[in-house]
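The data block below is structure21.csv; it holds CSV, C-alpha atoms.
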chain,number,residue,atom,x,y,z
A,120,MET,CA,0.8,4.0,237.0
A,121,LYS,CA,-1.1,1.3,235.2
A,122,ARG,CA,-4.3,3.3,235.4
A,123,ALA,CA,-2.5,6.3,234.0
A,124,LEU,CA,-1.0,4.3,231.1
A,125,LEU,CA,-4.4,2.7,230.4
A,126,ALA,CA,-6.0,6.2,230.3
A,127,ALA,CA,-3.3,7.5,228.1
A,128,GLY,CA,-3.7,4.5,225.8
A,129,VAL,CA,-7.5,5.0,225.5
A,130,ALA,CA,-6.9,8.7,224.8
A,131,ALA,CA,-4.4,7.9,222.1
A,132,LEU,CA,-6.8,5.4,220.5
A,133,THR,CA,-9.6,7.9,220.6
A,134,PHE,CA,-7.3,10.6,219.0
A,135,ILE,CA,-6.1,8.2,216.3
A,136,GLY,CA,-9.6,6.9,215.7
A,137,ALA,CA,-11.3,10.3,215.4
A,138,PRO,CA,-9.7,11.4,212.1
A,139,THR,CA,-10.5,8.0,210.6
A,140,ALA,CA,-14.1,8.4,211.4
A,141,ARG,CA,-14.2,11.9,210.0
A,142,ALA,CA,-12.3,10.8,206.9
A,143,ALA,CA,-15.5,8.9,205.9
A,144,TRP,CA,-17.2,12.2,205.2
A,145,PRO,CA,-19.5,12.5,203.3
A,146,GLU,CA,-21.6,9.5,204.0
A,147,ARG,CA,-24.9,11.1,203.1
A,148,PRO,CA,-26.2,14.0,201.0
A,149,ILE,CA,-25.0,17.5,201.7
A,150,THR,CA,-27.2,20.6,201.8
A,151,MET,CA,-25.8,23.7,200.2
A,152,VAL,CA,-27.8,26.7,201.5
A,153,VAL,CA,-28.1,29.6,199.0
A,154,PRO,CA,-29.4,32.7,200.8
A,155,PHE,CA,-31.1,34.1,197.7
A,156,PRO,CA,-34.0,33.1,195.5
A,157,PRO,CA,-33.7,30.4,192.7
A,158,GLY,CA,-32.6,31.6,189.4
A,159,GLY,CA,-30.6,34.6,190.6
A,160,PRO,CA,-26.9,35.3,189.8
A,161,THR,CA,-25.7,33.6,193.0
A,162,ASP,CA,-28.0,30.6,192.6
A,163,LEU,CA,-26.7,30.1,189.0
A,164,VAL,CA,-23.1,29.6,190.1
A,165,ALA,CA,-24.0,27.6,193.3
A,166,ARG,CA,-25.9,25.1,191.2
A,167,VAL,CA,-23.0,24.6,188.9
A,168,LEU,CA,-20.6,24.0,191.8
A,169,ALA,CA,-23.2,21.7,193.6
A,170,LYS,CA,-23.4,19.5,190.5
A,171,GLN,CA,-19.6,19.3,190.1
A,172,LEU,CA,-19.2,18.4,193.8
A,173,THR,CA,-21.9,15.7,193.5
A,174,ASP,CA,-19.9,14.1,190.8
A,175,GLN,CA,-16.6,14.3,192.7
A,176,LEU,CA,-17.9,13.3,196.2
A,177,GLY,CA,-20.3,10.5,195.2
A,178,GLN,CA,-22.9,12.1,197.4
A,179,THR,CA,-25.7,14.5,196.2
A,180,VAL,CA,-25.1,18.1,197.1
A,181,VAL,CA,-28.7,19.6,197.3
A,182,VAL,CA,-29.2,23.3,196.8
A,183,GLU,CA,-31.7,24.8,199.3
A,184,ASN,CA,-32.7,28.4,198.6
A,185,LYS,CA,-33.5,30.5,201.7
A,186,GLY,CA,-33.8,34.0,200.4
A,187,GLY,CA,-34.7,37.2,202.1
A,188,ALA,CA,-33.3,40.2,204.0
A,189,ASN,CA,-30.2,40.5,201.8
A,190,GLY,CA,-29.2,36.9,202.5
A,191,ASN,CA,-29.6,37.2,206.3
A,192,ILE,CA,-32.3,34.6,206.6
A,193,GLY,CA,-30.2,31.9,204.8
A,194,MET,CA,-27.1,32.9,206.7
A,195,GLN,CA,-28.8,32.7,210.0
A,196,TYR,CA,-30.2,29.3,209.1
A,197,ALA,CA,-26.8,28.0,208.2
A,198,ALA,CA,-25.1,29.5,211.2
A,199,ALA,CA,-27.5,27.5,213.5
A,200,ALA,CA,-27.0,24.2,211.6
A,201,LYS,CA,-25.2,21.3,213.2
A,202,PRO,CA,-21.4,21.6,212.5
A,203,ASP,CA,-21.0,18.2,210.9
A,204,GLY,CA,-20.1,19.1,207.3
A,205,TYR,CA,-23.6,18.3,206.0
A,206,THR,CA,-24.8,21.9,205.8
A,207,VAL,CA,-22.7,24.4,204.0
A,208,LEU,CA,-23.4,28.0,203.1
A,209,TYR,CA,-22.8,29.4,199.6
A,210,ASN,CA,-22.2,32.9,200.6
A,211,THR,CA,-21.7,36.2,198.8
A,212,SER,CA,-20.3,39.6,199.7
A,213,SER,CA,-23.4,40.0,201.7
A,214,ILE,CA,-21.6,38.2,204.5
A,215,ALA,CA,-19.3,41.3,204.7
A,216,LEU,CA,-22.0,43.9,204.1
A,217,SER,CA,-24.6,42.8,206.6
A,218,PRO,CA,-22.5,43.4,209.8
A,219,ASN,CA,-22.1,47.0,208.7
A,220,LEU,CA,-25.7,47.6,207.5
A,221,TYR,CA,-27.9,46.1,210.1
A,222,ARG,CA,-28.3,47.4,213.7
A,223,ALA,CA,-28.7,43.9,215.0
A,224,LEU,CA,-28.0,40.5,213.5
A,225,ALA,CA,-28.8,37.1,214.9
A,226,PHE,CA,-25.5,35.8,213.8
A,227,ASP,CA,-21.8,36.9,213.5
A,228,PRO,CA,-20.2,36.2,210.2
A,229,VAL,CA,-16.8,35.8,211.7
A,230,ARG,CA,-17.6,34.0,215.0
A,231,ASP,CA,-20.4,31.7,213.7
A,232,PHE,CA,-18.8,30.5,210.5
A,233,ALA,CA,-15.6,28.7,209.5
A,234,PRO,CA,-14.3,29.8,206.1
A,235,VAL,CA,-13.7,27.0,203.5
A,236,SER,CA,-12.8,28.7,200.2
A,237,SER,CA,-13.6,31.5,197.8
A,238,THR,CA,-15.2,30.3,194.6
A,239,ALA,CA,-15.9,33.0,192.1
A,240,VAL,CA,-16.2,36.7,191.4
A,241,ILE,CA,-18.7,38.2,189.0
A,242,PRO,CA,-18.1,41.8,187.7
A,243,LEU,CA,-20.9,44.3,187.8
A,244,VAL,CA,-21.9,46.1,184.6
A,245,LEU,CA,-23.2,49.6,184.3
A,246,LEU,CA,-26.5,49.3,182.4
A,247,VAL,CA,-28.8,52.0,181.1
A,248,HIS,CA,-32.2,52.0,179.4
A,249,PRO,CA,-32.0,52.8,175.7
A,250,SER,CA,-33.9,56.1,176.4
A,251,VAL,CA,-30.7,57.4,178.1
A,252,PRO,CA,-29.0,59.2,175.2
A,253,ALA,CA,-25.4,58.3,176.4
A,254,ARG,CA,-23.6,55.8,174.1
A,255,ASP,CA,-20.6,55.3,176.4
A,256,ALA,CA,-19.4,55.8,179.9
A,257,ARG,CA,-18.0,59.3,179.4
A,258,GLY,CA,-21.2,60.4,177.7
A,259,PHE,CA,-23.2,59.0,180.6
A,260,VAL,CA,-21.2,60.9,183.2
A,261,ASP,CA,-21.7,64.1,181.2
A,262,TYR,CA,-25.4,63.5,180.8
A,263,ALA,CA,-26.0,62.5,184.5
A,264,ARG,CA,-24.1,65.6,185.7
A,265,GLN,CA,-26.2,67.8,183.5
A,266,HIS,CA,-29.4,66.3,185.0
A,267,PRO,CA,-28.7,66.0,188.8
A,268,GLY,CA,-31.3,64.0,190.6
A,269,LYS,CA,-33.3,63.3,187.5
A,270,LEU,CA,-32.0,59.7,186.9
A,271,SER,CA,-33.0,56.8,189.1
A,272,TYR,CA,-31.1,53.5,189.6
A,273,GLY,CA,-32.6,50.2,190.6
A,274,SER,CA,-31.0,47.5,192.8
A,275,ALA,CA,-31.8,44.1,194.2
A,276,GLY,CA,-32.5,45.7,197.6
A,277,ALA,CA,-31.2,48.3,200.0
A,278,GLY,CA,-27.8,47.3,201.1
A,279,ASN,CA,-27.3,44.7,198.4
A,280,VAL,CA,-24.1,44.8,196.4
A,281,THR,CA,-26.0,46.1,193.4
A,282,HIS,CA,-27.0,49.1,195.6
A,283,LEU,CA,-23.7,49.7,197.3
A,284,GLY,CA,-21.8,49.1,194.1
A,285,ALA,CA,-23.8,51.7,192.3
A,286,LEU,CA,-23.5,54.1,195.2
A,287,LEU,CA,-19.8,53.7,195.3
A,288,LEU,CA,-19.5,54.2,191.5
A,289,LEU,CA,-21.9,57.2,191.4
A,290,ARG,CA,-20.1,58.9,194.3
A,291,SER,CA,-16.7,58.4,192.7
A,292,LEU,CA,-18.1,60.1,189.5
A,293,ASP,CA,-19.9,62.9,191.4
A,294,ILE,CA,-23.3,61.9,190.1
A,295,ASP,CA,-26.6,62.5,191.9
A,296,ALA,CA,-29.2,59.8,191.2
A,297,VAL,CA,-32.2,58.4,193.1
A,298,HIS,CA,-32.0,54.9,194.5
A,299,VAL,CA,-35.1,52.6,193.9
A,300,PRO,CA,-34.7,49.3,195.8
A,301,TYR,CA,-36.5,46.1,194.7
A,302,ARG,CA,-37.1,42.7,196.2
A,303,GLY,CA,-34.4,41.0,194.1
A,304,SER,CA,-32.6,41.5,190.9
A,305,ALA,CA,-35.4,40.1,188.7
A,306,PRO,CA,-38.0,42.8,189.4
A,307,ALA,CA,-35.3,45.5,189.2
A,308,MET,CA,-34.2,44.4,185.8
A,309,THR,CA,-37.9,44.1,184.7
A,310,ASP,CA,-38.4,47.8,185.6
A,311,LEU,CA,-35.1,48.8,184.0
A,312,VAL,CA,-36.1,47.1,180.7
A,313,GLY,CA,-39.5,48.9,181.0
A,314,GLY,CA,-37.9,52.3,181.6
A,315,GLN,CA,-39.3,52.8,185.1
A,316,VAL,CA,-35.7,53.3,186.2
A,317,GLN,CA,-32.9,54.4,184.0
A,318,LEU,CA,-29.8,52.6,185.2
A,319,MET,CA,-28.4,49.8,187.3
A,320,THR,CA,-25.1,48.2,188.2
A,321,ASN,CA,-26.0,44.5,188.1
A,322,THR,CA,-24.0,41.3,188.0
A,323,LEU,CA,-22.7,40.4,184.5
A,324,ASN,CA,-24.2,36.9,184.5
A,325,ASP,CA,-27.7,38.3,185.3
A,326,SER,CA,-27.4,41.0,182.6
A,327,LEU,CA,-25.9,39.3,179.5
A,328,GLY,CA,-29.3,38.2,178.0
A,329,PHE,CA,-30.7,41.7,178.2
A,330,ILE,CA,-27.6,43.2,176.7
A,331,ARG,CA,-27.4,40.7,173.8
A,332,GLU,CA,-31.1,41.2,173.0
A,333,GLY,CA,-30.6,44.9,172.8
A,334,LYS,CA,-33.0,45.6,175.6
A,335,LEU,CA,-30.3,47.3,177.7
A,336,ARG,CA,-27.1,49.2,176.9
A,337,ALA,CA,-23.9,48.2,178.7
A,338,LEU,CA,-21.5,51.1,179.2
A,339,ALA,CA,-18.7,49.7,181.4
A,340,VAL,CA,-17.7,46.7,183.6
A,341,THR,CA,-16.3,47.1,187.1
A,342,SER,CA,-13.6,44.4,186.8
A,343,ARG,CA,-9.9,45.2,186.4
A,344,GLU,CA,-9.9,43.8,182.9
A,345,ARG,CA,-12.6,43.6,180.2
A,346,SER,CA,-14.9,40.6,180.2
A,347,ALA,CA,-14.5,38.0,177.6
A,348,GLN,CA,-18.2,37.9,177.3
A,349,LEU,CA,-18.3,41.7,176.5
A,350,PRO,CA,-15.0,42.4,174.9
A,351,ASP,CA,-16.2,45.7,173.3
A,352,VAL,CA,-17.4,47.1,176.6
A,353,PRO,CA,-14.6,48.9,178.4
A,354,THR,CA,-13.9,48.9,182.1
A,355,VAL,CA,-14.8,51.8,184.4
A,356,ALA,CA,-11.2,52.2,185.3
A,357,GLU,CA,-10.1,52.8,181.6
A,358,THR,CA,-12.8,55.3,180.9
A,359,VAL,CA,-14.1,57.4,183.8
A,360,ALA,CA,-12.6,56.3,187.1
A,361,PRO,CA,-9.0,55.2,187.1
A,362,GLY,CA,-8.3,52.5,189.6
A,363,PHE,CA,-11.9,51.6,190.2
A,364,GLU,CA,-12.5,47.9,190.6
A,365,MET,CA,-15.1,45.8,192.4
A,366,GLY,CA,-17.2,42.6,191.9
A,367,ALA,CA,-19.7,40.4,193.5
A,368,TRP,CA,-17.6,37.7,195.1
A,369,GLN,CA,-18.7,34.3,196.4
A,370,GLY,CA,-17.5,31.5,198.5
A,371,VAL,CA,-18.3,28.7,200.9
A,372,VAL,CA,-18.4,28.7,204.7
A,373,VAL,CA,-19.6,26.2,207.2
A,374,PRO,CA,-21.0,26.5,210.7
A,375,ALA,CA,-18.2,27.2,213.3
A,376,GLY,CA,-17.1,24.0,215.0
A,377,THR,CA,-17.1,21.9,211.8
A,378,PRO,CA,-14.2,19.4,212.1
A,379,GLN,CA,-11.0,20.6,210.4
A,380,PRO,CA,-10.6,17.3,208.4
A,381,VAL,CA,-14.0,18.0,206.9
A,382,ILE,CA,-13.1,21.6,206.1
A,383,GLN,CA,-9.8,20.6,204.5
A,384,LYS,CA,-11.4,17.9,202.4
A,385,LEU,CA,-14.2,20.2,201.3
A,386,ASN,CA,-11.7,22.9,200.5
A,387,ALA,CA,-9.7,20.5,198.3
A,388,GLU,CA,-12.8,19.3,196.5
A,389,ILE,CA,-14.0,22.9,195.8
A,390,ARG,CA,-10.7,23.9,194.4
A,391,ARG,CA,-10.6,20.8,192.3
A,392,ALA,CA,-14.1,21.5,191.1
A,393,LEU,CA,-13.2,25.1,190.1
A,394,GLN,CA,-10.4,23.8,187.9
A,395,SER,CA,-12.6,21.3,186.1
A,396,ASP,CA,-13.2,21.8,182.4
A,397,GLU,CA,-17.0,21.9,183.0
A,398,MET,CA,-16.9,24.5,185.7
A,399,GLN,CA,-14.5,26.7,183.8
A,400,LYS,CA,-16.8,26.5,180.8
A,401,GLN,CA,-19.9,27.3,182.9
A,402,LEU,CA,-18.3,30.1,184.8
A,403,LYS,CA,-16.9,31.7,181.6
A,404,ALA,CA,-20.4,31.5,180.0
A,405,GLN,CA,-21.7,33.5,182.9
A,406,GLY,CA,-18.9,36.1,182.8
A,407,ALA,CA,-17.6,34.8,186.2
A,408,GLN,CA,-14.0,34.3,187.1
A,409,ALA,CA,-13.0,31.2,189.2
A,410,LEU,CA,-11.1,31.9,192.4
A,411,GLY,CA,-10.3,29.3,195.0
A,412,SER,CA,-8.2,29.8,198.2
A,413,THR,CA,-7.1,28.3,201.5
A,414,PRO,CA,-9.6,28.5,204.4
A,415,GLN,CA,-7.2,30.9,206.1
A,416,ALA,CA,-6.9,33.2,203.1
A,417,TYR,CA,-10.6,33.3,202.6
A,418,GLY,CA,-11.2,34.1,206.2
A,419,ALA,CA,-8.7,37.0,206.0
A,420,TYR,CA,-10.4,38.3,202.9
A,421,ILE,CA,-13.8,38.3,204.5
A,422,GLN,CA,-12.5,40.3,207.4
A,423,SER,CA,-10.8,42.8,205.0
A,424,GLU,CA,-14.0,43.2,203.1
A,425,ILE,CA,-16.0,43.8,206.3
A,426,GLN,CA,-13.6,46.7,207.0
A,427,ARG,CA,-13.6,48.0,203.4
A,428,TRP,CA,-17.4,48.1,203.1
A,429,GLY,CA,-17.8,49.4,206.6
A,430,ALA,CA,-16.1,52.6,205.6
A,431,VAL,CA,-18.3,52.9,202.4
A,432,ILE,CA,-21.5,52.3,204.3
A,433,LYS,CA,-20.6,54.6,207.2
A,434,GLU,CA,-19.8,57.4,204.7
A,435,ALA,CA,-23.1,56.8,202.9
A,436,GLY,CA,-25.1,56.7,206.1
A,437,VAL,CA,-26.9,53.5,205.2
A,438,LYS,CA,-28.5,51.6,208.1
A,439,LEU,CA,-31.1,48.9,208.0
A,440,ASP,CA,-33.3,47.4,210.8

Represent the supplied structure as structure tokens.
Amino acid sequence: MKRALLAAGVAALTFIGAPTARAAWPERPITMVVPFPPGGPTDLVARVLAKQLTDQLGQTVVVENKGGANGNIGMQYAAAAKPDGYTVLYNTSSIALSPNLYRALAFDPVRDFAPVSSTAVIPLVLLVHPSVPARDARGFVDYARQHPGKLSYGSAGAGNVTHLGALLLLRSLDIDAVHVPYRGSAPAMTDLVGGQVQLMTNTLNDSLGFIREGKLRALAVTSRERSAQLPDVPTVAETVAPGFEMGAWQGVVVPAGTPQPVIQKLNAEIRRALQSDEMQKQLKAQGAQALGSTPQAYGAYIQSEIQRWGAVIKEAGVKLD
């Protein structure tokens, strides 16, 4: 009996002590893995969040870019990291696209990660080179239908949201255009500005400079409402495709097995960061909308997006090795 009570007492002390130890997190710098190159639309938002979290947590949040394979290299790296709260993944919608696109993945986005919170969503914008005579979305649809297969659209890579977003939009509009994949959004935008491709659906924050400089023409945004950054540019839904809505969403996940107290604290700090004046200002400047959610809600959203995009990808017949 005494031994049983002693064992129970030790177990109780261990149980009580564990959360206390975990509550000290973070005690050292945190690595935020961004699975895309520096300077891209995902990296821009991630760095704003990393700076805000650094200020709040009192520990440096270091952004580490591990780009390649539509984010799979960085996601695989983060999935294999020690689940101690010191490696977090700043993920995008690629976490829901890759399971449907690739025949084999070295990680499972549901099994190998624990969701923390959504962070932001960035609308896509339908862009055309000035050589395209259309001045608005309706004019573009008419022109594209009159020239089937003659227009080409760039993307940040096959299977990237800029590819699948354009594919979904063009199919809904019954437009036939040729896809030209690039290794990232920067070279795709360079060729769009140069007229090597005629159109692209790119993230708003990556497009604003080209639009404002008059190098590209913005015809419509894919969000439900017009962007405050482009108030004169209508939505796809109000012009040519009623009900159409999509965006490049982002969030934070951690390796599966990360202690729940760490996840809960990180969730609270991310949601606090998203409401800060500085983050609101920075996100607005990039045309992004702050989100924020519970871990449970974000996990459910990721799974729903896996199903949603699975249907689109299957219909399109897109498969990658």

Got a sec: who's within 6 Å of region 374-389 of chain A, counting all atoms listed in the file, leaving out chain neighbours fewer than 4 positions off, as an NGL selection string? :A and (198 or 202-203 or 231-233 or 235-236)

Residue with the minimum atom-to-atom distance to Gly429 (chain A), picked from A:Ser250, A:Asn189, A:Thr354, A:Asn219 with only C-alpha atoms counted, is A:Asn219

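CA of Val280 (chain A) is positioned 8.5 Å from CA of Asn321 (chain A).
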
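Using all atoms listed in the file, the nearest neighbour of Ala347 (chain A) within the list A:Ala435, A:Ala404, A:Met308, A:Leu335 is A:Ala404.
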
What separates CA of Lys334 (chain A) and CA of Ser212 (chain A) is a distance of 27.9 Å

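Minimum atom-to-atom distances from A:Ala143, A:Ile149, A:Leu172, A:Val431 to Ser395 (chain A) were compared using only C-alpha atoms, and the lowest value belongs to A:Leu172.
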
Residue with the minimum atom-to-atom distance to Val167 (chain A), picked from A:Lys433, A:Arg290, A:Arg427, A:Lys400 with only C-alpha atoms counted, is A:Lys400

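Comparing the minimum interatomic distances between Trp368 (chain A) and each of A:Gln394, A:Thr150, A:Gln317, A:Thr211, counting all atoms listed in the file, we find that A:Thr211 sits nearest.
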
Margin query: Env of region 330-333 of chain A: 9 Å cut, atoms = all atoms listed in the file, seq-sep filter 3 positions within chain, self excluded. Answer as a VMD selection string.
Written below: chain A and resid 246 249 326 to 327 336 to 337
